[in-house]
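Enquirer: Please find my_file.cif (mmCIF, C-alpha atoms) on the next line:
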data_final
#
loop_
_atom_site.group_PDB
_atom_site.id
_atom_site.type_symbol
_atom_site.label_atom_id
_atom_site.label_comp_id
_atom_site.auth_asym_id
_atom_site.auth_seq_id
_atom_site.Cartn_x
_atom_site.Cartn_y
_atom_site.Cartn_z
ATOM 1 C CA GLY A 1 46.038 52.459 -17.421
ATOM 2 C CA LYS A 2 48.880 50.434 -18.953
ATOM 3 C CA ALA A 3 51.411 51.314 -16.267
ATOM 4 C CA GLU A 4 48.982 50.382 -13.512
ATOM 5 C CA SER A 5 48.083 47.112 -15.235
ATOM 6 C CA LEU A 6 51.724 46.223 -15.750
ATOM 7 C CA ALA A 7 52.589 46.983 -12.130
ATOM 8 C CA ARG A 8 49.669 44.857 -10.927
ATOM 9 C CA LEU A 9 50.654 41.902 -13.131
ATOM 10 C CA LEU A 10 54.333 42.161 -12.190
ATOM 11 C CA THR A 11 53.441 42.261 -8.499
ATOM 12 C CA ARG A 12 51.297 39.186 -8.904
ATOM 13 C CA ARG A 13 54.041 37.339 -10.779
ATOM 14 C CA PHE A 14 57.193 38.479 -8.930
ATOM 15 C CA GLY A 15 55.989 39.932 -5.615
ATOM 16 C CA PRO A 16 56.173 43.505 -4.355
ATOM 17 C CA LEU A 17 57.917 45.844 -6.766
ATOM 18 C CA PRO A 18 60.988 47.776 -5.652
ATOM 19 C CA VAL A 19 60.814 51.557 -5.901
ATOM 20 C CA TRP A 20 63.187 51.669 -8.883
ATOM 21 C CA ALA A 21 60.899 49.347 -10.873
ATOM 22 C CA THR A 22 57.818 51.422 -10.132
ATOM 23 C CA GLN A 23 59.674 54.572 -11.183
ATOM 24 C CA ARG A 24 60.821 52.938 -14.422
ATOM 25 C CA ILE A 25 57.288 51.777 -15.232
ATOM 26 C CA ASP A 26 55.798 55.197 -14.467
ATOM 27 C CA ALA A 27 58.342 56.931 -16.736
ATOM 28 C CA ALA A 28 58.113 54.503 -19.664
ATOM 29 C CA PRO A 29 56.472 55.469 -22.957
ATOM 30 C CA ALA A 30 53.429 53.509 -24.127
ATOM 31 C CA ALA A 31 55.433 51.465 -26.646
ATOM 32 C CA GLN A 32 57.790 50.260 -23.901
ATOM 33 C CA LEU A 33 54.877 49.373 -21.635
ATOM 34 C CA ASP A 34 53.377 47.329 -24.491
ATOM 35 C CA ALA A 35 56.664 45.479 -24.963
ATOM 36 C CA TRP A 36 56.888 44.702 -21.247
ATOM 37 C CA LEU A 37 53.267 43.551 -21.168
ATOM 38 C CA ASP A 38 53.960 41.268 -24.130
ATOM 39 C CA GLY A 39 57.024 39.801 -22.420
ATOM 40 C CA ILE A 40 55.609 39.257 -18.952
ATOM 41 C CA PHE A 41 54.975 35.532 -19.434
ATOM 42 C CA ASP A 42 58.408 34.817 -20.901
ATOM 43 C CA ALA A 43 60.439 36.711 -18.304
ATOM 44 C CA THR A 44 62.144 34.677 -15.603
ATOM 45 C CA SER A 45 62.519 37.665 -13.279
ATOM 46 C CA LEU A 46 61.567 41.304 -12.950
ATOM 47 C CA GLU A 47 65.119 42.284 -13.915
ATOM 48 C CA ASP A 48 64.934 40.038 -16.972
ATOM 49 C CA LEU A 49 61.906 41.980 -18.189
ATOM 50 C CA ILE A 50 62.564 45.630 -17.333
ATOM 51 C CA GLY A 51 66.262 45.652 -16.476
ATOM 52 C CA ASP A 52 67.882 46.113 -13.121
ATOM 53 C CA GLU A 53 68.194 49.076 -10.812
ATOM 54 C CA ALA A 54 71.387 50.278 -12.511
ATOM 55 C CA ALA A 55 69.895 50.234 -16.020
#
Hey, can you dump this file as structure tokens for me?
Expert:
Amino acid sequence: GKAESLARLLTRRFGPLPVWATQRIDAAPAAQLDAWLDGIFDATSLEDLIGDEAA
């Protein structure tokens, strides 16, 4: 549930998610998902919130 909710909110805020972002979200533990959900309104970009493709 959390990963799907995060992906939906990120898509709404930043547009379609790249494959690397979806993979990172799907592989993240619950605590990381919570942190990303908490930071979604403060992030200026997708990369600012979850890192970039190389991370």
Enquirer: Could you name the residues that touch Ile40 in chain A at 12 Å or less, counting all atoms listed in the file, but leaving out those on the same chain fewer than 6 positions away, as a VMD selection string?
Expert: chain A and resid 5 to 14 33 to 34 46 to 50
Enquirer: Got a sec to resolve the PyMOL selection byres ((chain A and resi 52) around 12) on this structure and send the residues as a ChimeraX atom specification?
Expert: /A:17-24,45-51,53-55
Enquirer: Work out how far apart CA of Gly15 in chain A and CA of Thr44 in chain A are and give it in Å to one decimal.
Expert: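 Between CA of Gly15 in chain A and CA of Thr44 in chain A the gap works out to 12.9 Å.
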Enquirer: Please compute the CA of Ala30 in chain A-CA of Glu4 in chain A distance, one decimal, in Å.
Expert: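 Between CA of Ala30 in chain A and CA of Glu4 in chain A the gap works out to 11.9 Å.
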